[in-house]
Each structure stands twice: as C-alpha cells, then as structure tokens.
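Remarks on the structure that follows.
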Amino acid sequence: MNDRKRIYLSSPTMHGDEQQFVAEAFNTNWVAPLGPNVNHFEEEMAAYTKCGYAAALSAGTAAIHLGLKLLGVEQGDIVFVSSLTFSASCNPIIYEKAEPVFIDSEPDTWNMSPYALEKAFEKYPTPKAVIVVHLYGTPAKMDEILQICQRHHVPVIEDAAESLGSTYDGKYTGTFGQIGIYSFNGNKIITTSGGGMLVSNEEALVQEARVLSTQARDPARHYQHSKIGYNYRMSNVLAGIGRGQLMHLDEHLRLKKAIYTRYKEAFADIDEIAMNPLNPRGEANNWLSCMTIKEGSCVTPDLVMDALEAENIESRPIWKPMHLQPIFSEYDFFSHNEGKVSVSEDIFVRGVCLPSDIKNTEADMEKVICIVRRLFEGS
C-alpha cells in the first residue's frame, strides 16, 4: 500500500467560511432546494461576473441543457460545439434529439477554431446554436467567433464550466454569449460539491430557467404543469458552500496562475515540452496546467503519467476529442487543418494535465517537476 502523500490534480479547497452559510441552512432547517443561500449565491455571482442575472442549478450540464431549451433547440436541429472538451458540453444536445456538429480547435488557445467554424456554416448555414468551450480556463477567440455567429444570426452558449474568473478584453468569460454556464464540480476553481449556474443578460431567459429547473410548476395553488420541467435547482446547503467559496475566488486565481508560471519556468529549457498556450487578450484562470510533448520525443504522455502515478501523484490525459468518441462517431466534424491531423487530436495525443491543486506546497511542485525533468533528461 502506498503511504506517500497523495498529490492531487485539482481537489476542493475549503476555507471555513463555507461552514457559516451551511450552518445557517441547518439552523433554519432550510436544507431543501431554494432558500436564502440560493438567492444570495445567484446575486453574488451576478455581481462578481457582471453577467446580469443568474440561476443556480444542480450541475453545469443541467445549465447547458436548459440553455438549449431556452434557445428552442428541438429534435433534428443542428448545434455546433467544440470537439476538444468533456462530453458534458455536448450530451445535452442529444437529450433534445438534436444533432451535434463538432468544431476543431485552433493552436493559439486550443479553443474553437474560427476557420473551422466558418467551414461548418458553409455546409450548415442555419444551426440553432453554437456552444463555445473555454478549455482548461483559457478564453477562446470570442471576437472572431461572435462576429461569425452574429453574421449568421445564430445565438452562442458559452461553456465556461472550466473558466470562472477568466477574462477576455477585460470581460468575464460566460458573459459574451446569449447564455453562459459555469460548473462548481469538486475539481473546479470553486466548488459547491456538485452544481452549476446559468447566466444571461436577459432577465426573461434566467427567469424561465428557474421555472424549468423547478419542474415547471405553474403559478397556481394546486400542482399544475403546462410544460415539461426538470429537477435541476441547486440546494440551499450547496449554495451555502458556493457563497463561502466565492469569497476566495480571487485567491484561487492567484494560486492557479502561480502554478502555471512555476511549470512554465521549470520546463523552459526543455525543447520537447510546451505548456498550454494562453490567450494574450485575456487572463486565464489556469484551472489546469497542461503540457504537450514534441512529436518524435522518446517520452510519451503515458510515460509521464505512469512516472507520476508511481509516486502517488495524480495527472490526467487531455480530453479525448468528441469527434473521436464512439458514441459521436456518426456526426460531422470540421477540422482546422486541411488534410492533416486535426488540432484537437494532435493536442490529445501529445498532452498531459499536470497536478494543479492550489494546496500544493513548493515541495510538492518541486517533486512533480523533478520527476518530469528526469524523464526528458534521461531520454
């Protein structure tokens, strides 16, 4: 049995302030969905991100699903979505029996390629929505993507599940599209254990999200329903955790940036290693720090992950692109690279997510760095 300290990829960091709000929920017996913590968490998130309005939900996936519903996505509709992402970004498209069309990344930020997006519009001129993912907390090229979508009169859902606190041209990710979503899963930059948020500058959309997420009950004394709803509302207890976490978001952002900077400086002299690129027009939250290995190197991502795991250190592969997933193999994909391996596949094949836990000590970071460096120095 390995008795060495576990170094995590990105685990929750509690500060104690969360307990105050959770205790209040228990003391008032307000532990069910809805309640003061939910209301305040929505208000505080809206104030922090300047998003306009917010609805606290059970998961980021639920937020994407409701976002699609709010935009009228139905069976047979086309929805463009980033390919290099987690499946939660596109599973809700299938919930509605719509058809995902996957868009490749571009190499500058690893996010949706405007060039590939333009190609998709040439074949599918009238998609119902575009879902843009800010991968690993790095903002996408939102000006180019929004210009394309506005020209085609297609609304944008921003999947900012990984990028809370990131900015592009001084504006927070999640607030550019008609609808934005955040995730508070256990490994995100702040957590509610499990939960998410739907945001929009359009109050009517957020009000409708609140209705749909509480089983779409009509405003009648008896239980009456005129449309299908969902049990997607966040609990008052979890919202209390989120309120305490939000108080420390800026601190988390500073620590995440320090981790990325530490890796970048430590590997600067190794030609075979490149850190994930950042968008110069914004500030990334550096949710996960990732590296890619130069093609042809004797060191592979599996070797790196195996060496780290042997020392009880958690790492992770880059997301496997959705267009390569068996469940999505029948759907169309538009590549950024004409006649060559797609950008998203290339990143997946050569990439590793490094330990990015803000509780990592200098000794922890040095241990990870030394293990990785030894692999390349000995290759």
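A note on labels: chains of the structure tokens are A, B, ... as shown, every chain counts residues from 1, and ligands are counted from 1 in their shown order.
Neighbouring residues of A:Asn276 at 10 Å or closer, counting only C-alpha atoms and skipping chain neighbours under 3 positions away, are A:Pro107, A:Asp108, A:Thr109, A:Trp110, A:Tyr136, A:Thr138, A:Tyr260, A:Lys264, A:Ile273, A:Asn286, A:Leu288, A:Ser289, A:Cys290, A:Met291, A:Thr292, A:Ile347, A:Gly351, A:Val352, A:Cys353.
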Write to file, as a short mmCIF file (atom, residue, chain, number, x, y, z; two decimals), in the first residue's frame, the residues of the selection just made, with all heavy atoms.
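For reference, selection32.cif as written:
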data_model
loop_
_atom_site.label_atom_id
_atom_site.label_comp_id
_atom_site.auth_asym_id
_atom_site.auth_seq_id
_atom_site.Cartn_x
_atom_site.Cartn_y
_atom_site.Cartn_z
N PRO A 107 -4.63 26.28 -32.75
CA PRO A 107 -3.46 26.03 -31.90
C PRO A 107 -3.12 27.16 -30.93
O PRO A 107 -2.40 26.93 -29.96
CB PRO A 107 -2.32 25.82 -32.91
CG PRO A 107 -2.76 26.54 -34.15
CD PRO A 107 -4.26 26.40 -34.18
N ASP A 108 -3.63 28.36 -31.17
CA ASP A 108 -3.23 29.51 -30.34
C ASP A 108 -3.77 29.45 -28.92
O ASP A 108 -3.14 29.93 -27.99
CB ASP A 108 -3.69 30.82 -30.99
CG ASP A 108 -3.05 31.05 -32.35
OD1 ASP A 108 -1.99 30.44 -32.61
OD2 ASP A 108 -3.62 31.81 -33.15
N THR A 109 -4.99 28.90 -28.76
CA THR A 109 -5.62 28.83 -27.43
C THR A 109 -6.19 27.45 -27.12
O THR A 109 -6.67 27.24 -26.01
CB THR A 109 -6.77 29.85 -27.30
OG1 THR A 109 -7.88 29.42 -28.12
CG2 THR A 109 -6.33 31.25 -27.72
N TRP A 110 -6.18 26.55 -28.10
CA TRP A 110 -6.76 25.21 -28.01
C TRP A 110 -8.29 25.25 -28.04
O TRP A 110 -8.95 24.23 -27.84
CB TRP A 110 -6.30 24.46 -26.76
CG TRP A 110 -4.86 24.07 -26.71
CD1 TRP A 110 -3.88 24.40 -27.59
CD2 TRP A 110 -4.23 23.25 -25.73
NE1 TRP A 110 -2.68 23.86 -27.23
CE2 TRP A 110 -2.86 23.13 -26.09
CE3 TRP A 110 -4.68 22.59 -24.59
CZ2 TRP A 110 -1.96 22.40 -25.33
CZ3 TRP A 110 -3.79 21.87 -23.83
CH2 TRP A 110 -2.43 21.76 -24.19
N TYR A 136 -9.90 24.42 -20.27
CA TYR A 136 -8.93 24.48 -19.16
C TYR A 136 -8.78 25.90 -18.60
O TYR A 136 -7.78 26.23 -17.98
CB TYR A 136 -7.57 23.92 -19.59
CG TYR A 136 -7.63 22.45 -19.97
CD1 TYR A 136 -7.10 22.01 -21.17
CD2 TYR A 136 -8.24 21.52 -19.13
CE1 TYR A 136 -7.17 20.66 -21.53
CE2 TYR A 136 -8.32 20.18 -19.47
CZ TYR A 136 -7.79 19.75 -20.68
OH TYR A 136 -7.86 18.42 -21.03
N THR A 138 -8.81 28.80 -20.38
CA THR A 138 -8.25 29.79 -21.31
C THR A 138 -9.35 30.33 -22.22
O THR A 138 -10.05 29.55 -22.88
CB THR A 138 -7.13 29.17 -22.16
OG1 THR A 138 -6.06 28.76 -21.31
CG2 THR A 138 -6.60 30.18 -23.18
N TYR A 260 0.86 27.57 -12.85
CA TYR A 260 1.18 27.58 -14.28
C TYR A 260 2.54 28.22 -14.53
O TYR A 260 3.37 27.68 -15.28
CB TYR A 260 0.09 28.32 -15.06
CG TYR A 260 0.37 28.42 -16.54
CD1 TYR A 260 -0.05 27.42 -17.41
CD2 TYR A 260 1.06 29.50 -17.07
CE1 TYR A 260 0.20 27.50 -18.78
CE2 TYR A 260 1.32 29.59 -18.43
CZ TYR A 260 0.90 28.58 -19.28
OH TYR A 260 1.16 28.65 -20.63
N LYS A 264 5.92 26.57 -16.24
CA LYS A 264 6.45 27.17 -17.47
C LYS A 264 7.93 27.52 -17.30
O LYS A 264 8.75 27.26 -18.19
CB LYS A 264 5.64 28.41 -17.83
CG LYS A 264 5.93 28.95 -19.24
CD LYS A 264 4.97 30.04 -19.62
CE LYS A 264 5.21 30.54 -21.05
NZ LYS A 264 4.92 29.51 -22.06
N ILE A 273 9.10 20.13 -24.36
CA ILE A 273 7.92 20.44 -23.57
C ILE A 273 7.40 21.84 -23.93
O ILE A 273 8.18 22.79 -24.02
CB ILE A 273 8.21 20.40 -22.06
CG1 ILE A 273 8.54 18.98 -21.62
CG2 ILE A 273 7.01 20.93 -21.26
CD1 ILE A 273 8.88 18.87 -20.13
N ASN A 286 -6.35 29.48 -15.37
CA ASN A 286 -5.36 28.39 -15.24
C ASN A 286 -5.91 27.25 -14.39
O ASN A 286 -5.20 26.69 -13.54
CB ASN A 286 -4.06 28.94 -14.62
CG ASN A 286 -3.42 30.01 -15.46
OD1 ASN A 286 -2.88 29.75 -16.52
ND2 ASN A 286 -3.52 31.26 -15.00
N LEU A 288 -6.47 24.12 -15.03
CA LEU A 288 -5.48 23.05 -15.11
C LEU A 288 -4.30 23.52 -15.95
O LEU A 288 -4.48 24.13 -17.00
CB LEU A 288 -6.07 21.78 -15.73
CG LEU A 288 -7.15 21.03 -14.94
CD1 LEU A 288 -7.53 19.74 -15.67
CD2 LEU A 288 -6.71 20.73 -13.53
N SER A 289 -3.10 23.24 -15.46
CA SER A 289 -1.89 23.50 -16.23
C SER A 289 -1.56 22.24 -17.03
O SER A 289 -1.47 21.15 -16.45
CB SER A 289 -0.73 23.84 -15.30
OG SER A 289 -0.95 25.08 -14.66
N CYS A 290 -1.40 22.41 -18.33
CA CYS A 290 -1.18 21.26 -19.22
C CYS A 290 0.10 21.43 -20.02
O CYS A 290 0.54 22.55 -20.29
CB CYS A 290 -2.35 21.12 -20.19
SG CYS A 290 -3.97 21.12 -19.40
N MET A 291 0.68 20.32 -20.39
CA MET A 291 1.87 20.35 -21.22
C MET A 291 1.66 19.45 -22.44
O MET A 291 0.90 18.48 -22.39
CB MET A 291 3.11 19.85 -20.45
CG MET A 291 2.98 18.45 -19.91
SD MET A 291 4.48 17.87 -19.06
CE MET A 291 5.37 17.14 -20.43
N THR A 292 2.32 19.81 -23.54
CA THR A 292 2.38 18.92 -24.69
C THR A 292 3.83 18.54 -24.94
O THR A 292 4.76 19.30 -24.60
CB THR A 292 1.80 19.58 -25.96
OG1 THR A 292 2.42 20.83 -26.17
CG2 THR A 292 0.29 19.73 -25.85
N ILE A 347 -3.38 17.64 -30.01
CA ILE A 347 -3.24 18.03 -28.60
C ILE A 347 -3.53 16.85 -27.69
O ILE A 347 -2.82 16.59 -26.71
CB ILE A 347 -4.17 19.22 -28.27
CG1 ILE A 347 -3.75 20.46 -29.06
CG2 ILE A 347 -4.18 19.51 -26.77
CD1 ILE A 347 -4.78 21.57 -29.05
N GLY A 351 -0.63 15.48 -25.17
CA GLY A 351 -0.82 16.29 -23.98
C GLY A 351 -1.00 15.56 -22.67
O GLY A 351 -1.41 14.39 -22.63
N VAL A 352 -0.69 16.26 -21.58
CA VAL A 352 -0.88 15.77 -20.21
C VAL A 352 -1.36 16.94 -19.35
O VAL A 352 -0.81 18.05 -19.44
CB VAL A 352 0.43 15.22 -19.60
CG1 VAL A 352 0.21 14.78 -18.16
CG2 VAL A 352 0.99 14.08 -20.43
N CYS A 353 -2.35 16.69 -18.49
CA CYS A 353 -2.76 17.67 -17.48
C CYS A 353 -1.95 17.41 -16.22
O CYS A 353 -2.00 16.31 -15.65
CB CYS A 353 -4.25 17.53 -17.17
SG CYS A 353 -5.34 17.81 -18.57
#
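You will find atom CA of A:Asp332 at 22.2 Å from atom CA of A:Lys69.
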Long-range neighbours of A:Glu99 as a ChimeraX atom specification, 9 Å cut-off, only C-alpha atoms, 4 positions minimum in chain
/A:75-80,93-94,331
Considering only strand (DSSP E) as DSSP defines it on the backbone, what residues of stretch 89-307 of chain A qualify? List them as a PyMOL selection string.
chain A and resi 99-103+129-133+156-159+167-168+171-172+179-183+196-200+273-275+282-283+290-293
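Of the residues listed (A:Thr300, A:Asn201, A:Thr191, A:Ser226), A:Thr191 shows the shortest atom-to-atom separation from A:Ser58; distances use only C-alpha atoms.
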Could you go through stretch 216-377 of chain A and tell me which residues DSSP, when run on the backbone, assigns to helix (DSSP H, G or I), listing them as JSON, numbers by chain?
{"A": [236, 237, 238, 239, 240, 241, 242, 243, 244, 245, 246, 249, 250, 251, 252, 253, 254, 255, 256, 257, 258, 259, 260, 261, 262, 263, 264, 265, 266, 301, 302, 303, 304, 305, 306, 307, 308, 309, 322, 323, 324, 326, 327, 328, 343, 344, 345, 346, 347, 348, 349, 350, 362, 363, 364, 365, 366, 367, 368, 369, 370, 371, 372, 373, 374, 375, 376, 377]}
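Omitting A:Ser113 and its sequence neighbours fewer than 5 positions away, and counting only C-alpha atoms, the residues within 8 Å are Ile103, Asp104, Ser105, Glu106 and His336 of chain A.
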Tell me which protein, DNA and RNA residues are within 10 Å of stretch 297-299 of chain A, counting only C-alpha atoms, leaving out same-chain ones fewer than 5 positions away, and put them as JSON, numbers by chain.
{"A": [272, 273, 304, 350, 372, 375, 376, 378, 379]}
Would you mind exporting all heavy atoms of the selected residues as a tab-separated table (two decimals), in the first residue's frame?
chain	number	residue	atom	x	y	z
A	272	GLU	N	11.45	19.86	-25.73
A	272	GLU	CA	10.38	18.91	-26.05
A	272	GLU	C	9.08	19.20	-25.30
A	272	GLU	O	8.06	18.56	-25.58
A	272	GLU	CB	10.84	17.48	-25.72
A	272	GLU	CG	11.97	16.99	-26.62
A	272	GLU	CD	12.62	15.74	-26.06
A	272	GLU	OE1	13.46	15.88	-25.14
A	272	GLU	OE2	12.29	14.64	-26.52
A	273	ILE	N	9.10	20.13	-24.36
A	273	ILE	CA	7.92	20.44	-23.57
A	273	ILE	C	7.40	21.84	-23.93
A	273	ILE	O	8.18	22.79	-24.02
A	273	ILE	CB	8.21	20.40	-22.06
A	273	ILE	CG1	8.54	18.98	-21.62
A	273	ILE	CG2	7.01	20.93	-21.26
A	273	ILE	CD1	8.88	18.87	-20.13
A	304	VAL	N	4.88	9.85	-18.77
A	304	VAL	CA	4.80	10.91	-17.76
A	304	VAL	C	3.77	10.56	-16.70
A	304	VAL	O	4.05	10.64	-15.49
A	304	VAL	CB	4.45	12.26	-18.43
A	304	VAL	CG1	4.20	13.33	-17.36
A	304	VAL	CG2	5.57	12.70	-19.37
A	350	ARG	N	-0.61	14.30	-27.67
A	350	ARG	CA	0.67	14.75	-27.12
A	350	ARG	C	0.57	15.40	-25.74
A	350	ARG	O	1.57	15.83	-25.18
A	350	ARG	CB	1.33	15.74	-28.09
A	350	ARG	CG	1.68	15.16	-29.43
A	350	ARG	CD	2.55	16.09	-30.26
A	350	ARG	NE	1.88	17.33	-30.65
A	350	ARG	CZ	2.22	18.52	-30.18
A	350	ARG	NH1	3.20	18.65	-29.29
A	350	ARG	NH2	1.57	19.61	-30.56
A	372	VAL	N	9.25	14.84	-13.88
A	372	VAL	CA	9.08	15.10	-15.31
A	372	VAL	C	10.44	15.40	-15.96
A	372	VAL	O	10.76	14.86	-17.02
A	372	VAL	CB	8.09	16.26	-15.54
A	372	VAL	CG1	8.03	16.61	-17.03
A	372	VAL	CG2	6.70	15.89	-15.03
A	375	LEU	N	12.63	12.36	-16.74
A	375	LEU	CA	12.22	11.59	-17.91
A	375	LEU	C	12.85	12.15	-19.19
A	375	LEU	O	13.32	11.39	-20.05
A	375	LEU	CB	10.70	11.62	-18.05
A	375	LEU	CG	9.90	10.81	-17.01
A	375	LEU	CD1	8.41	11.11	-17.16
A	375	LEU	CD2	10.14	9.32	-17.19
A	376	PHE	N	12.87	13.46	-19.31
A	376	PHE	CA	13.40	14.08	-20.52
A	376	PHE	C	14.93	14.14	-20.52
A	376	PHE	O	15.56	14.02	-21.56
A	376	PHE	CB	12.79	15.47	-20.70
A	376	PHE	CG	11.35	15.44	-21.12
A	376	PHE	CD1	10.35	15.41	-20.16
A	376	PHE	CD2	11.00	15.40	-22.47
A	376	PHE	CE1	9.01	15.36	-20.54
A	376	PHE	CE2	9.67	15.34	-22.84
A	376	PHE	CZ	8.67	15.32	-21.88
A	378	GLY	N	16.77	11.94	-19.26
A	378	GLY	CA	17.28	10.59	-19.47
A	378	GLY	C	16.90	10.00	-20.80
A	378	GLY	O	17.25	8.86	-21.12
A	379	SER	N	16.12	10.76	-21.60
A	379	SER	CA	15.65	10.21	-22.88
A	379	SER	C	16.69	10.34	-23.99
A	379	SER	O	17.63	11.12	-23.88
A	379	SER	CB	14.37	10.93	-23.30
A	379	SER	OG	14.63	12.29	-23.55
Considering only C-alpha atoms, return as a PyMOL selection string whatever protein or nucleic-acid residues lie within 10 Å of A:Ala46, sequence-local ones (same chain, fewer than 6 positions apart) excluded.
chain A and resi 40+52-55+175+199-201
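Between atom CA of A:Met275 and atom CA of A:Glu309 the interatomic distance comes to 20.2 Å.
Nearest to A:Leu198 of all the residues A:Leu324, A:Val81, A:Ile64, A:Ile241 is A:Ile64, counting only C-alpha atoms.
From atom CA of A:Gly60 back to atom CA of A:Ser183, the distance works out to 4.5 Å.
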